[in-house]
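Participant: Next comes the structure file run-v1.cif, holding mmCIF, C-alpha atoms.
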```cif
data_coords
loop_
_atom_site.label_atom_id
_atom_site.label_comp_id
_atom_site.auth_asym_id
_atom_site.auth_seq_id
_atom_site.Cartn_x
_atom_site.Cartn_y
_atom_site.Cartn_z
CA MET A 1 -63.98 19.85 -42.68
CA ALA A 2 -63.23 16.54 -44.35
CA ASN A 3 -60.76 13.77 -43.70
CA TYR A 4 -58.73 12.56 -46.68
CA ARG A 5 -58.72 8.92 -45.52
CA LYS A 6 -62.48 8.98 -44.95
CA ILE A 7 -63.04 10.36 -48.42
CA SER A 8 -60.56 8.26 -50.38
CA GLY A 9 -60.12 5.22 -48.17
CA VAL A 10 -56.33 5.48 -48.30
CA ASN A 11 -53.63 7.34 -46.43
CA VAL A 12 -51.38 9.94 -48.04
CA LYS A 13 -47.96 8.40 -48.66
CA SER A 14 -45.04 10.00 -46.85
CA TYR A 15 -41.67 10.57 -48.52
CA SER A 16 -38.47 11.91 -46.99
CA ALA A 17 -37.89 14.07 -50.10
CA ASP A 18 -39.66 15.16 -53.25
CA PRO A 19 -39.78 12.42 -55.94
CA ASP A 20 -37.56 12.46 -59.01
CA ARG A 21 -38.54 15.14 -61.53
CA THR A 22 -38.09 12.76 -64.46
CA TYR A 23 -41.08 12.91 -66.79
CA PRO A 24 -43.11 10.81 -67.44
CA SER A 25 -42.91 8.76 -64.25
CA GLY A 26 -46.43 7.62 -63.51
CA MET A 27 -46.41 9.99 -60.53
CA GLU A 28 -48.34 12.80 -62.19
CA GLY A 29 -51.27 13.95 -60.05
CA LYS A 30 -50.23 11.97 -56.98
CA LEU A 31 -50.67 13.55 -53.55
CA TYR A 32 -47.91 12.96 -50.99
CA TYR A 33 -46.39 14.25 -47.77
CA ASN A 34 -42.78 15.45 -47.68
CA SER A 35 -41.58 14.71 -44.15
CA SER A 36 -38.43 16.79 -44.56
CA ASP A 37 -40.23 20.08 -45.10
CA GLY A 38 -43.57 19.14 -43.54
CA GLN A 39 -45.57 19.93 -46.65
CA PHE A 40 -48.41 18.13 -48.38
CA LYS A 41 -47.75 18.29 -52.12
CA PHE A 42 -48.90 16.90 -55.41
CA VAL A 43 -46.91 16.00 -58.51
CA GLY A 44 -47.79 18.39 -61.31
CA LEU A 45 -46.97 18.20 -64.99
CA GLY A 46 -44.24 20.79 -64.56
CA ALA A 47 -42.41 22.55 -67.32
CA GLY A 48 -39.63 22.17 -69.80
CA THR A 49 -36.31 23.95 -69.43
CA TRP A 50 -32.97 24.09 -71.18
CA ALA A 51 -29.83 23.24 -69.18
CA SER A 52 -26.28 23.51 -70.43
CA GLY A 53 -24.78 20.40 -71.96
CA GLU A 54 -21.14 19.74 -72.73
CA ASN A 55 -19.65 22.07 -75.35
CA LEU A 56 -18.80 20.90 -78.85
CA ASN A 57 -15.05 20.41 -79.35
CA THR A 58 -15.16 22.56 -82.50
CA ALA A 59 -17.41 25.61 -82.49
CA ARG A 60 -19.27 25.98 -85.77
CA ASP A 61 -22.55 26.97 -87.34
CA GLY A 62 -24.71 25.50 -90.06
CA LEU A 63 -23.96 21.99 -88.89
CA GLY A 64 -26.22 18.99 -89.33
CA GLY A 65 -27.71 17.21 -86.37
CA THR A 66 -29.53 13.95 -85.84
CA GLY A 67 -30.27 11.43 -83.10
CA ILE A 68 -31.66 11.91 -79.63
CA GLN A 69 -30.63 13.94 -76.56
CA THR A 70 -28.26 11.26 -75.26
CA ALA A 71 -27.01 9.91 -78.60
CA ALA A 72 -26.57 12.55 -81.28
CA LEU A 73 -24.33 13.47 -84.19
CA GLY A 74 -23.07 16.97 -85.02
CA ILE A 75 -22.04 16.89 -88.67
CA GLY A 76 -19.97 19.24 -90.79
CA GLY A 77 -20.73 22.94 -90.51
CA PHE A 78 -18.97 26.18 -91.07
CA VAL A 79 -16.20 28.12 -89.38
CA PRO A 80 -16.15 31.77 -90.42
CA PRO A 81 -15.22 33.41 -92.56
CA ASN A 82 -15.69 30.81 -95.30
CA THR A 83 -14.50 27.40 -94.24
CA ALA A 84 -16.86 24.44 -94.59
CA LYS A 85 -15.87 21.61 -92.27
CA ASN A 86 -15.95 17.83 -92.56
CA ILE A 87 -15.74 17.28 -88.79
CA VAL A 88 -18.25 14.94 -87.15
CA GLU A 89 -18.77 14.71 -83.40
CA SER A 90 -20.87 12.24 -81.43
CA TYR A 91 -22.64 13.12 -78.15
CA ASP A 92 -23.44 10.54 -75.49
CA GLY A 93 -25.26 12.83 -73.08
CA SER A 94 -22.03 13.72 -71.29
CA SER A 95 -19.40 14.66 -73.85
CA TRP A 96 -18.72 15.16 -77.54
CA THR A 97 -16.21 12.85 -79.23
CA GLU A 98 -14.83 13.40 -82.70
CA ILE A 99 -15.46 10.47 -85.03
CA ALA A 100 -14.88 9.75 -88.74
CA ASP A 101 -15.11 12.77 -91.06
CA ILE A 102 -17.64 13.12 -93.83
CA ASN A 103 -16.10 12.91 -97.30
CA THR A 104 -17.34 16.27 -98.57
CA ALA A 105 -17.04 19.22 -96.21
CA ARG A 106 -20.27 21.15 -96.19
CA ARG A 107 -22.74 23.22 -94.19
CA LEU A 108 -26.47 23.81 -94.13
CA MET A 109 -27.17 20.25 -95.25
CA ALA A 110 -30.00 18.04 -94.01
CA SER A 111 -29.52 14.94 -91.95
CA ALA A 112 -31.53 12.02 -90.61
CA GLY A 113 -31.15 8.84 -88.61
CA THR A 114 -29.27 7.78 -85.52
CA THR A 115 -25.69 7.61 -84.24
CA THR A 116 -25.35 4.16 -85.81
CA SER A 117 -27.30 4.62 -89.06
CA ALA A 118 -27.60 8.07 -90.57
CA ILE A 119 -27.60 9.96 -93.85
CA ILE A 120 -26.73 13.54 -94.84
CA PHE A 121 -27.73 15.19 -98.11
CA GLY A 122 -27.33 18.49 -99.91
CA GLY A 123 -25.75 21.59 -98.38
CA GLY A 124 -24.00 24.78 -99.38
CA PRO A 125 -23.76 27.38 -100.75
CA PRO A 126 -22.44 26.46 -103.25
CA GLN A 127 -25.31 24.01 -103.42
CA VAL A 128 -24.51 20.31 -103.70
CA ALA A 129 -26.60 17.18 -104.32
CA ILE A 130 -24.16 14.83 -102.63
CA ALA A 131 -25.50 12.34 -100.09
CA GLU A 132 -23.43 10.30 -97.65
CA SER A 133 -24.46 7.29 -95.57
CA TRP A 134 -23.17 6.56 -92.03
CA ASN A 135 -23.03 2.99 -90.72
CA GLY A 136 -21.70 3.74 -87.26
CA SER A 137 -18.07 3.73 -88.27
CA SER A 138 -17.61 5.43 -91.67
CA TRP A 139 -19.27 7.67 -94.23
CA THR A 140 -19.90 6.38 -97.77
CA GLU A 141 -21.09 8.48 -100.68
CA VAL A 142 -24.38 7.24 -102.08
CA ALA A 143 -26.74 8.37 -104.85
CA ASP A 144 -27.14 12.14 -105.26
CA LEU A 145 -30.32 14.07 -104.66
CA ASN A 146 -32.11 14.88 -107.91
CA LEU A 147 -31.95 18.59 -107.04
CA ALA A 148 -28.80 20.15 -105.55
CA ARG A 149 -29.80 22.49 -102.74
CA SER A 150 -28.83 24.00 -99.43
CA HIS A 151 -30.80 25.12 -96.36
CA LEU A 152 -33.04 22.10 -96.96
CA MET A 153 -34.98 20.07 -94.45
CA GLY A 154 -34.62 16.41 -93.65
CA ALA A 155 -36.33 13.63 -91.74
CA GLY A 156 -35.79 9.92 -91.44
CA ALA A 157 -35.10 6.98 -89.18
CA SER A 158 -31.95 5.51 -90.70
CA ASN A 159 -29.58 5.43 -93.66
CA THR A 160 -32.17 3.49 -95.65
CA SER A 161 -35.22 5.68 -95.05
CA ALA A 162 -35.23 9.46 -95.27
CA LEU A 163 -37.00 12.47 -96.73
CA ALA A 164 -35.45 15.63 -98.25
CA TYR A 165 -37.72 18.65 -98.62
CA GLY A 166 -37.53 22.32 -99.44
CA GLY A 167 -34.32 24.29 -99.64
CA THR A 168 -32.80 26.71 -102.07
CA ASP A 169 -31.09 25.69 -105.30
CA GLY A 170 -29.49 29.10 -105.81
CA SER A 171 -30.58 29.11 -109.42
CA SER A 172 -32.52 32.34 -109.52
CA TYR A 173 -30.31 34.87 -107.76
CA PRO A 174 -30.69 37.70 -107.07
CA ALA A 175 -34.45 37.38 -106.89
CA PRO A 176 -35.66 36.80 -103.33
CA ASP A 177 -37.70 33.74 -104.31
CA TYR A 178 -35.04 31.12 -104.83
CA HIS A 179 -36.82 28.53 -102.76
CA THR A 180 -38.28 25.17 -103.59
CA GLY A 181 -40.93 22.83 -102.23
CA LYS A 182 -39.46 19.78 -103.91
CA THR A 183 -39.58 16.64 -101.80
CA GLU A 184 -37.53 13.52 -102.38
CA SER A 185 -37.79 10.14 -100.66
CA TRP A 186 -34.76 7.91 -100.01
CA ASN A 187 -35.10 4.11 -99.86
CA GLY A 188 -31.48 3.21 -99.25
CA THR A 189 -30.66 3.11 -102.96
CA ALA A 190 -32.17 6.06 -104.79
CA TRP A 191 -33.96 9.38 -104.32
CA THR A 192 -37.47 9.56 -105.79
CA GLU A 193 -39.34 12.81 -106.23
CA VAL A 194 -42.70 12.87 -104.46
CA ALA A 195 -45.30 15.56 -103.72
CA ASP A 196 -44.03 19.10 -103.12
CA LEU A 197 -44.46 21.06 -99.91
CA GLY A 198 -47.53 23.28 -100.05
CA THR A 199 -45.32 26.27 -99.21
CA GLY A 200 -41.93 26.13 -100.87
CA ARG A 201 -39.29 27.38 -98.44
CA TYR A 202 -35.89 26.88 -96.93
CA GLY A 203 -34.47 26.97 -93.42
CA ALA A 204 -37.52 25.47 -91.72
CA GLY A 205 -37.48 23.36 -88.57
CA ALA A 206 -37.91 19.73 -89.50
CA ASP A 207 -37.87 16.20 -88.13
CA GLY A 208 -39.77 12.93 -88.19
CA THR A 209 -39.55 9.97 -90.51
CA ALA A 210 -39.81 9.35 -94.24
CA THR A 211 -43.52 8.66 -93.80
CA ALA A 212 -44.38 11.12 -91.02
CA ALA A 213 -42.42 14.37 -91.18
CA ILE A 214 -42.95 17.95 -90.07
CA ALA A 215 -41.83 21.33 -91.40
CA ALA A 216 -42.35 24.52 -89.38
CA GLY A 217 -41.37 28.07 -90.22
CA GLY A 218 -38.60 28.80 -92.70
CA THR A 219 -38.20 31.54 -95.23
CA ALA A 220 -39.30 32.32 -98.77
CA ALA A 221 -39.31 36.01 -99.55
CA GLY A 222 -39.71 36.62 -95.82
CA ALA A 223 -40.13 34.59 -92.66
CA LYS A 224 -42.79 31.90 -92.80
CA ASP A 225 -44.97 30.58 -90.00
CA GLU A 226 -46.61 27.70 -91.84
CA THR A 227 -46.57 24.19 -90.41
CA GLU A 228 -46.97 21.21 -92.70
CA THR A 229 -46.92 17.49 -91.97
CA TRP A 230 -46.16 14.65 -94.38
CA ASN A 231 -48.03 11.35 -94.23
CA GLY A 232 -45.98 9.46 -96.79
CA THR A 233 -48.06 10.70 -99.68
CA ALA A 234 -48.95 14.36 -99.26
CA TRP A 235 -48.25 17.49 -97.20
CA THR A 236 -51.06 18.96 -95.09
CA GLU A 237 -50.99 22.46 -93.64
CA LEU A 238 -51.82 22.69 -89.95
CA ALA A 239 -51.68 25.42 -87.28
CA ASP A 240 -48.99 28.07 -87.73
CA ILE A 241 -46.03 28.37 -85.44
CA ASN A 242 -46.47 31.38 -83.11
CA THR A 243 -43.37 33.26 -84.27
CA GLY A 244 -42.64 32.98 -87.96
CA ARG A 245 -38.88 32.61 -88.42
CA SER A 246 -36.21 30.90 -90.44
CA TYR A 247 -33.11 28.83 -89.65
CA LEU A 248 -34.71 27.22 -86.62
CA GLU A 249 -34.36 23.62 -85.50
CA ALA A 250 -37.01 21.07 -84.67
CA ALA A 251 -36.99 17.67 -83.02
CA GLY A 252 -39.67 15.05 -82.62
CA THR A 253 -42.61 13.70 -84.56
CA THR A 254 -45.75 14.92 -86.31
CA THR A 255 -47.65 14.61 -83.01
CA SER A 256 -45.03 15.77 -80.50
CA ALA A 257 -42.24 18.11 -81.50
CA LEU A 258 -40.16 21.01 -80.26
CA ALA A 259 -39.05 23.96 -82.42
CA PHE A 260 -36.25 26.15 -81.13
CA GLY A 261 -34.04 29.05 -82.10
CA GLY A 262 -34.18 30.83 -85.42
CA ASN A 263 -33.41 34.04 -87.25
CA PRO A 264 -32.84 36.73 -86.05
CA ALA A 265 -30.97 34.91 -83.29
CA THR A 266 -33.53 33.86 -80.75
CA GLY A 267 -33.90 31.39 -77.92
CA LYS A 268 -37.61 30.97 -78.59
CA THR A 269 -38.88 27.46 -77.96
CA GLU A 270 -42.28 26.19 -79.05
CA SER A 271 -43.93 22.86 -78.35
CA TRP A 272 -46.14 21.04 -80.89
CA ASP A 273 -48.81 18.60 -79.71
CA GLY A 274 -50.09 17.55 -83.12
CA SER A 275 -52.54 20.40 -83.45
CA SER A 276 -51.06 23.62 -82.04
CA TRP A 277 -47.84 25.31 -80.94
CA THR A 278 -47.30 26.60 -77.39
CA GLU A 279 -44.42 28.88 -76.47
CA LEU A 280 -42.27 27.59 -73.63
CA ALA A 281 -39.02 28.60 -71.90
CA ASP A 282 -36.28 30.09 -74.08
CA MET A 283 -32.82 28.69 -74.62
CA ALA A 284 -30.16 30.56 -72.60
CA THR A 285 -28.12 31.16 -75.76
CA ALA A 286 -30.14 32.60 -78.61
CA ARG A 287 -29.02 31.10 -81.92
CA LEU A 288 -29.79 30.15 -85.50
CA HIS A 289 -28.22 27.63 -87.89
CA SER A 290 -27.73 25.22 -84.99
CA GLY A 291 -27.70 21.47 -84.93
CA GLY A 292 -30.56 19.71 -83.22
CA ALA A 293 -31.68 16.29 -82.10
CA GLY A 294 -34.43 14.84 -79.98
CA THR A 295 -37.31 12.49 -79.48
CA ASN A 296 -40.36 14.67 -78.93
CA ASN A 297 -41.47 17.84 -77.14
CA THR A 298 -40.09 16.60 -73.80
CA SER A 299 -36.53 15.68 -74.81
CA ALA A 300 -34.27 17.54 -77.22
CA LEU A 301 -30.73 18.79 -77.77
CA VAL A 302 -29.36 21.93 -79.44
CA PHE A 303 -25.70 22.53 -80.26
CA GLY A 304 -23.55 24.99 -82.15
CA GLY A 305 -25.02 27.53 -84.50
CA THR A 306 -24.49 31.24 -84.69
CA ALA A 307 -25.70 34.23 -82.72
CA PRO A 308 -24.24 37.26 -84.46
CA PRO A 309 -21.73 38.61 -83.63
CA ASP A 310 -20.69 35.22 -82.24
CA SER A 311 -20.13 33.51 -85.57
CA GLY A 312 -19.59 29.95 -84.43
CA LEU A 313 -20.92 28.59 -81.16
CA ASN A 314 -19.86 25.51 -79.23
CA ALA A 315 -22.61 25.78 -76.62
CA THR A 316 -24.93 22.82 -76.14
CA GLU A 317 -28.25 22.85 -74.30
CA GLU A 318 -30.46 19.96 -73.25
CA TRP A 319 -34.26 20.27 -73.11
CA THR A 320 -36.01 18.23 -70.47
CA PHE A 321 -39.58 18.25 -69.30
CA GLY A 322 -39.81 17.71 -65.57
CA HIS A 323 -42.51 17.35 -62.94
CA ALA A 324 -43.24 20.22 -60.62
CA PHE A 325 -44.08 19.70 -56.98
CA LYS A 326 -46.91 21.93 -55.83
CA LYS A 327 -47.72 22.65 -52.21
CA VAL A 328 -51.25 21.74 -51.21
CA THR A 329 -53.01 24.46 -49.31
CA THR A 330 -56.29 24.14 -47.49
CA GLY A 331 -58.52 26.58 -45.80
CA MET B 1 -37.56 43.43 -63.43
CA ALA B 2 -34.06 44.02 -62.17
CA TYR B 3 -31.06 42.12 -63.47
CA LYS B 4 -27.41 41.48 -62.70
CA TYR B 5 -24.61 41.07 -65.22
CA THR B 6 -21.48 38.98 -65.31
CA VAL B 7 -18.84 37.84 -67.79
CA LYS B 8 -17.95 34.17 -67.76
CA ALA B 9 -17.22 31.56 -70.43
CA ASN B 10 -19.81 28.76 -70.54
CA TRP B 11 -17.83 25.72 -69.39
CA GLY B 12 -20.51 23.28 -70.59
CA LYS B 13 -22.34 20.68 -68.53
CA GLY B 14 -23.46 22.12 -65.21
CA PHE B 15 -22.90 25.77 -66.15
CA PHE B 16 -26.63 26.20 -65.72
CA THR B 17 -29.01 23.46 -64.67
CA HIS B 18 -32.68 22.74 -65.25
CA GLU B 19 -33.38 23.62 -61.63
CA GLU B 20 -31.64 26.98 -61.99
CA ARG B 21 -33.52 27.72 -65.20
CA ARG B 22 -36.80 26.90 -63.49
CA GLN B 23 -36.00 29.43 -60.77
CA MET B 24 -34.61 32.42 -62.63
CA TYR B 25 -34.20 34.29 -65.88
CA LEU B 26 -30.84 33.63 -67.53
CA ALA B 27 -29.67 34.71 -70.97
CA GLY B 28 -26.29 34.70 -72.68
CA HIS B 29 -25.00 37.48 -74.90
CA PRO B 30 -21.91 38.18 -77.03
CA GLY B 31 -18.63 38.48 -75.16
CA ASN B 32 -19.68 35.83 -72.65
CA VAL B 33 -22.00 38.34 -71.00
CA TRP B 34 -24.74 36.71 -68.90
CA VAL B 35 -27.85 38.42 -67.58
CA VAL B 36 -29.64 36.95 -64.56
CA ASP B 37 -32.47 37.93 -62.30
CA ASP B 38 -31.49 40.19 -59.43
CA ASN B 39 -32.84 37.89 -56.73
CA VAL B 40 -31.67 35.13 -54.42
CA PHE B 41 -31.55 32.56 -57.24
CA GLY B 42 -29.55 34.84 -59.50
CA ASP B 43 -27.15 35.52 -56.65
CA GLN B 44 -26.75 31.78 -56.05
CA TRP B 45 -25.89 31.21 -59.71
CA LEU B 46 -23.45 34.14 -59.76
CA GLY B 47 -21.80 32.67 -56.70
CA LYS B 48 -21.48 29.32 -58.44
CA VAL B 49 -19.95 30.48 -61.72
CA VAL B 50 -17.72 33.19 -60.18
CA GLY B 51 -17.67 35.48 -63.21
CA ALA B 52 -16.48 39.07 -63.48
CA ASN B 53 -19.55 40.99 -62.37
CA LYS B 54 -20.39 44.14 -64.33
CA THR B 55 -22.76 47.05 -64.22
CA LYS B 56 -25.37 47.16 -66.96
CA ALA B 57 -23.40 49.91 -68.75
CA GLU B 58 -20.19 47.88 -68.60
CA ALA B 59 -21.95 44.78 -69.90
CA GLN B 60 -23.60 46.77 -72.68
CA ALA B 61 -20.21 48.18 -73.73
CA ILE B 62 -18.78 44.66 -74.02
CA VAL B 63 -21.70 43.53 -76.17
CA ASP B 64 -21.51 46.65 -78.33
CA GLY B 65 -17.78 46.12 -78.89
CA GLU B 66 -18.33 42.52 -79.97
CA ILE B 67 -21.05 43.58 -82.39
CA GLU B 68 -18.94 46.38 -83.87
CA ASP B 69 -16.10 43.93 -84.49
CA ALA B 70 -18.54 41.52 -86.14
CA GLN B 71 -19.99 44.29 -88.31
CA ASP B 72 -16.48 45.14 -89.52
CA ALA B 73 -15.78 41.47 -90.25
CA TRP B 74 -19.09 41.16 -92.11
CA ASP B 75 -18.33 44.22 -94.25
CA ALA B 76 -14.89 42.84 -95.10
CA ASN B 77 -16.10 39.34 -96.02
CA ASN B 78 -16.86 39.51 -99.74
CA VAL B 79 -16.82 37.16 -102.72
CA ASP B 80 -16.33 38.51 -106.23
CA GLY B 81 -19.59 38.80 -108.15
CA GLU B 82 -21.75 38.02 -105.14
CA SER B 83 -25.06 39.87 -104.78
CA SER B 84 -26.25 41.22 -101.44
CA ASP B 85 -28.88 38.45 -101.30
CA GLU B 86 -26.21 35.83 -101.86
CA LYS B 87 -24.01 37.37 -99.18
CA ILE B 88 -26.85 37.25 -96.66
CA LEU B 89 -27.57 33.65 -97.62
CA ARG B 90 -23.89 32.80 -97.12
CA LEU B 91 -23.22 34.78 -93.94
CA GLY B 92 -26.59 35.69 -92.51
CA ALA B 93 -27.68 39.27 -92.00
CA LYS B 94 -25.22 41.91 -90.82
CA PRO B 95 -25.14 41.96 -86.99
CA VAL B 96 -27.02 44.83 -85.41
CA LYS B 97 -26.70 46.40 -81.98
CA TYR B 98 -29.38 45.85 -79.36
CA ASN B 99 -29.95 46.79 -75.76
CA LEU B 100 -29.49 44.39 -72.89
CA PRO B 101 -32.50 44.02 -70.59
#
```
Translate the structure of the given file into structure tokens.

Facilitator:
Amino acid sequence: MANYRKISGVNVKSYSADPDRTYPSGMEGKLYYNSSDGQFKFVGLGAGTWASGENLNTARDGLGGTGIQTAALGIGGFVPPNTAKNIVESYDGSSWTEIADINTARRLMASAGTTTSAIIFGGGPPQVAIAESWNGSSWTEVADLNLARSHLMGAGASNTSALAYGGTDGSSYPAPDYHTGKTESWNGTAWTEVADLGTGRYGAGADGTATAAIAAGGTAAGAKDETETWNGTAWTELADINTGRSYLEAAGTTTSALAFGGNPATGKTESWDGSSWTELADMATARLHSGGAGTNNTSALVFGGTAPPDSGLNATEEWTFGHAFKKVTTG
Amino acid sequence: MAYKYTVKANWGKGFFTHEERRQMYLAGHPGNVWVVDDNVFGDQWLGKVVGANKTKAEAQAIVDGEIEDAQDAWDANNVDGESSDEKILRLGAKPVKYNLP
């Protein structure tokens, strides 16, 4: 037998209810007493889950997404059978609001930035090189990519700093190898070609900044599982994603990211800690070609996409990592 | 594992919460078909959303019908001169049937 106060020199704090699940809170590992249920408990790391968010106003797939869970843009997209859209919606954590349209309707483009400073580039098919800059109130066409392409990946912090990588330029149909590893860096004025991805591909999960970006999965003559990170100069291959797949989304940084969804339609969710991927709880609605946004592997947003036979989704889900409260047992 | 089945349109925020997802299996399928654990937490969620509850066979028939319609739409959606690879790149692969859990 031992007495907690004698061992630690302090009493166990009593609460009338479990603490807030919000993570991180500084509560991790703390022991407490819940007076309402008479249980000693400790605050564990917990787990991530997807909860439903508010639906998009216009269901669509192949849309661009950027921002964070509580401030995101859903850009363009596709409404079957063949209609590219110029609709843009903004999410504030509670609802989607339609804002100014992009100038060139498109789908399967890349996007980067925030709800007040963003850029979109490429898209198709048919593949385009067009880039547009968002200043919080309107879209303005800016300098084209050097290589027109669709299904490309994008990263970046604002409309003056972004990275375009991979994609398909559609130039070598019908061969199954119409992919590229070309990478271009945007400085607010022009696109400059920099070092290629190690594994050329399209439809990978991607996020980050122009100097620290990540690409995971994708396709190039079959589903890929490679993960590469960009340091501003070169791509480095790191640990593979657990389930190789294309048309997935990713949110976060090179040291903390979440990859979700993919082809064939799946709800699979994997967390990246900078060195390896861990599979976590699935989305409720399996999908590919969705929009995505987020900060890291504890906070992300997924919206729209397709889950054949549902050809344009409006469903939104919010990923949150929360503490778990574990009962303390003795004996 | 045993499951229950219901049909209900996802109304958005609050349709399923983090707490509910922590407690039970939940997955959406074509035709607004939802599959949940057959336990107290699944029952609580079914009571909240008040969908049209189905047997597994009824739910499977709804999903199959949706997929058949989508297969027909996929077959009919063609662009002159387009290769099969291009069509898949444009539309994604042709939907295929699968079994609900």

Participant: Using only C-alpha atoms, tabulate the residues of chain B lying at most 6 Å from any atom of chain A, each with its closest atom pair and that distance in Å to one decimal, by chain and increasing residue number, as a tab-separated table.

Facilitator:
```
residue	atom	partner	partner_atom	distance
B:Gly12	CA	A:Glu54	CA	4.2
B:Lys13	CA	A:Gly53	CA	4.2
B:Phe15	CA	A:Ser52	CA	5.9
B:Phe16	CA	A:Ser52	CA	5.4
B:Thr17	CA	A:Ala51	CA	4.6
B:His18	CA	A:Ala51	CA	4.9
B:Leu26	CA	A:Ala284	CA	6.0
B:Ala27	CA	A:Ala284	CA	4.5
B:Gly28	CA	A:Thr285	CA	5.0
B:Ile67	CA	A:Pro309	CA	5.2
B:Ala70	CA	A:Pro309	CA	5.0
B:Pro95	CA	A:Pro308	CA	5.4
```

Participant: Take the PyMOL selection byres ((chain A and resi 278) around 12), run it mentally on this structure, and tell me the resulting residues as a PyMOL selection string.

Facilitator: chain A and resi 47-48+239-243+256-260+268-277+279-281+297

Participant: Store the residues picked out above in a file with C-alpha atoms, as a CSV table (one decimal), keeping the file's coordinate frame.

Facilitator:
```csv
chain,number,residue,atom,x,y,z
A,47,ALA,CA,-42.4,22.6,-67.3
A,48,GLY,CA,-39.6,22.2,-69.8
A,239,ALA,CA,-51.7,25.4,-87.3
A,240,ASP,CA,-49.0,28.1,-87.7
A,241,ILE,CA,-46.0,28.4,-85.4
A,242,ASN,CA,-46.5,31.4,-83.1
A,243,THR,CA,-43.4,33.3,-84.3
A,256,SER,CA,-45.0,15.8,-80.5
A,257,ALA,CA,-42.2,18.1,-81.5
A,258,LEU,CA,-40.2,21.0,-80.3
A,259,ALA,CA,-39.0,24.0,-82.4
A,260,PHE,CA,-36.2,26.2,-81.1
A,268,LYS,CA,-37.6,31.0,-78.6
A,269,THR,CA,-38.9,27.5,-78.0
A,270,GLU,CA,-42.3,26.2,-79.0
A,271,SER,CA,-43.9,22.9,-78.4
A,272,TRP,CA,-46.1,21.0,-80.9
A,273,ASP,CA,-48.8,18.6,-79.7
A,274,GLY,CA,-50.1,17.6,-83.1
A,275,SER,CA,-52.5,20.4,-83.4
A,276,SER,CA,-51.1,23.6,-82.0
A,277,TRP,CA,-47.8,25.3,-80.9
A,279,GLU,CA,-44.4,28.9,-76.5
A,280,LEU,CA,-42.3,27.6,-73.6
A,281,ALA,CA,-39.0,28.6,-71.9
A,297,ASN,CA,-41.5,17.8,-77.1
```

Participant: Could you work out an axis-aligned bounding box for all listed atoms of stretch 151-158 of chain A, with 3 Å added on each of the six sides, and give its centre and edge lengths in Å to one decimal, as JSON?

Facilitator:
```
{"center_x": -33.6, "center_y": 15.3, "center_z": -93.1, "size_x": 11.5, "size_y": 25.6, "size_z": 13.8}
```

Participant: Rounded to one decimal, what separation in Å do you get between atom CA of A:Gly154 and atom CA of A:Ala100?

Facilitator: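 Between atom CA of A:Gly154 and atom CA of A:Ala100 the gap is 21.4 Å.
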
Participant: Counting all atoms listed in the file, what is within 8 Å of A:Gly200, bar same-chain residues fewer than 5 positions away, as a PyMOL selection string?

Facilitator: chain A and resi 166-167+179-182+220

Participant: Using only C-alpha atoms, which of A:Ala250, A:Ser299, A:Ala190, A:Thr211 sits nearest A:Thr227?

Facilitator: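 Using only C-alpha atoms, A:Thr227 sits closest to A:Ala250.
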
Participant: For B:Asp43, find every residue with an atom within 12 Å (counting only C-alpha atoms), except residues of its own chain fewer than 5 positions away, and show them as an MDAnalysis selection string.

Facilitator: chainID B and resid 3:6 20 23:26 35:38 48:51 53

Participant: Give me, please, the distance in Å between atom CA of A:Asp225 and atom CA of A:Gly261, quoted to one decimal.

Facilitator: 13.6 Å

Participant: Atom CA of A:Thr83 and atom CA of A:Ser137 are how many Å apart?

Facilitator: 24.7 Å

Participant: Could you tell me which of A:Leu152, A:Val79, A:Leu31, A:Leu313 comes closest to B:Leu91 if we count all atoms listed in the file?

Facilitator: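 Of the candidates, the smallest distance to B:Leu91 is held by A:Val79.
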
Participant: Pick out the residues sitting within 10 Å of B:Tyr98, and hand them over as a PyMOL selection string; count all atoms listed in the file, and ignore anything fewer than 2 positions along from it in its own chain.

Facilitator: chain B and resi 60+63-64+67+95-96+100-101

Participant: Point out the residue among B:Trp34, B:Asn10, B:Lys97, B:Gly81 with the least atom-to-atom distance to B:Lys54, counting all atoms listed in the file.

Facilitator: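 Closest candidate: B:Trp34.
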
Participant: Which is closer to A:Glu226 than all the others in A:Asp144, A:Gly244, A:Thr209, A:Ser36, using all atoms listed in the file?

Facilitator: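 Closest to A:Glu226 of all the choices is A:Gly244.
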
Participant: Quick one: apply the PyMOL selection byres ((chain A and resi 183) around 12) to the file and drop the selected residues here as a VMD selection string.

Facilitator: chain A and resid 145 to 149 152 to 155 162 to 167 180 to 182 184 to 186 191 to 202 210 to 211 213 215 230 232 to 235

Participant: As a check of understanding, name the residues that the PyMOL selection byres ((chain A and resi 103) around 9) selects in the supplied structure, as an mmCIF file with C-alpha atoms, keeping the file's coordinate frame.

Facilitator:
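Result went into selection-v1.cif, see below:
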```cif
data_model
loop_
_atom_site.group_PDB
_atom_site.id
_atom_site.type_symbol
_atom_site.label_atom_id
_atom_site.label_comp_id
_atom_site.auth_asym_id
_atom_site.auth_seq_id
_atom_site.Cartn_x
_atom_site.Cartn_y
_atom_site.Cartn_z
ATOM 1 C CA ASN A 86 -15.950 17.830 -92.560
ATOM 2 C CA ASP A 101 -15.110 12.770 -91.060
ATOM 3 C CA ILE A 102 -17.640 13.120 -93.830
ATOM 4 C CA THR A 104 -17.340 16.270 -98.570
ATOM 5 C CA ALA A 105 -17.040 19.220 -96.210
ATOM 6 C CA GLU A 132 -23.430 10.300 -97.650
ATOM 7 C CA TRP A 139 -19.270 7.670 -94.230
ATOM 8 C CA THR A 140 -19.900 6.380 -97.770
ATOM 9 C CA GLU A 141 -21.090 8.480 -100.680
#
```
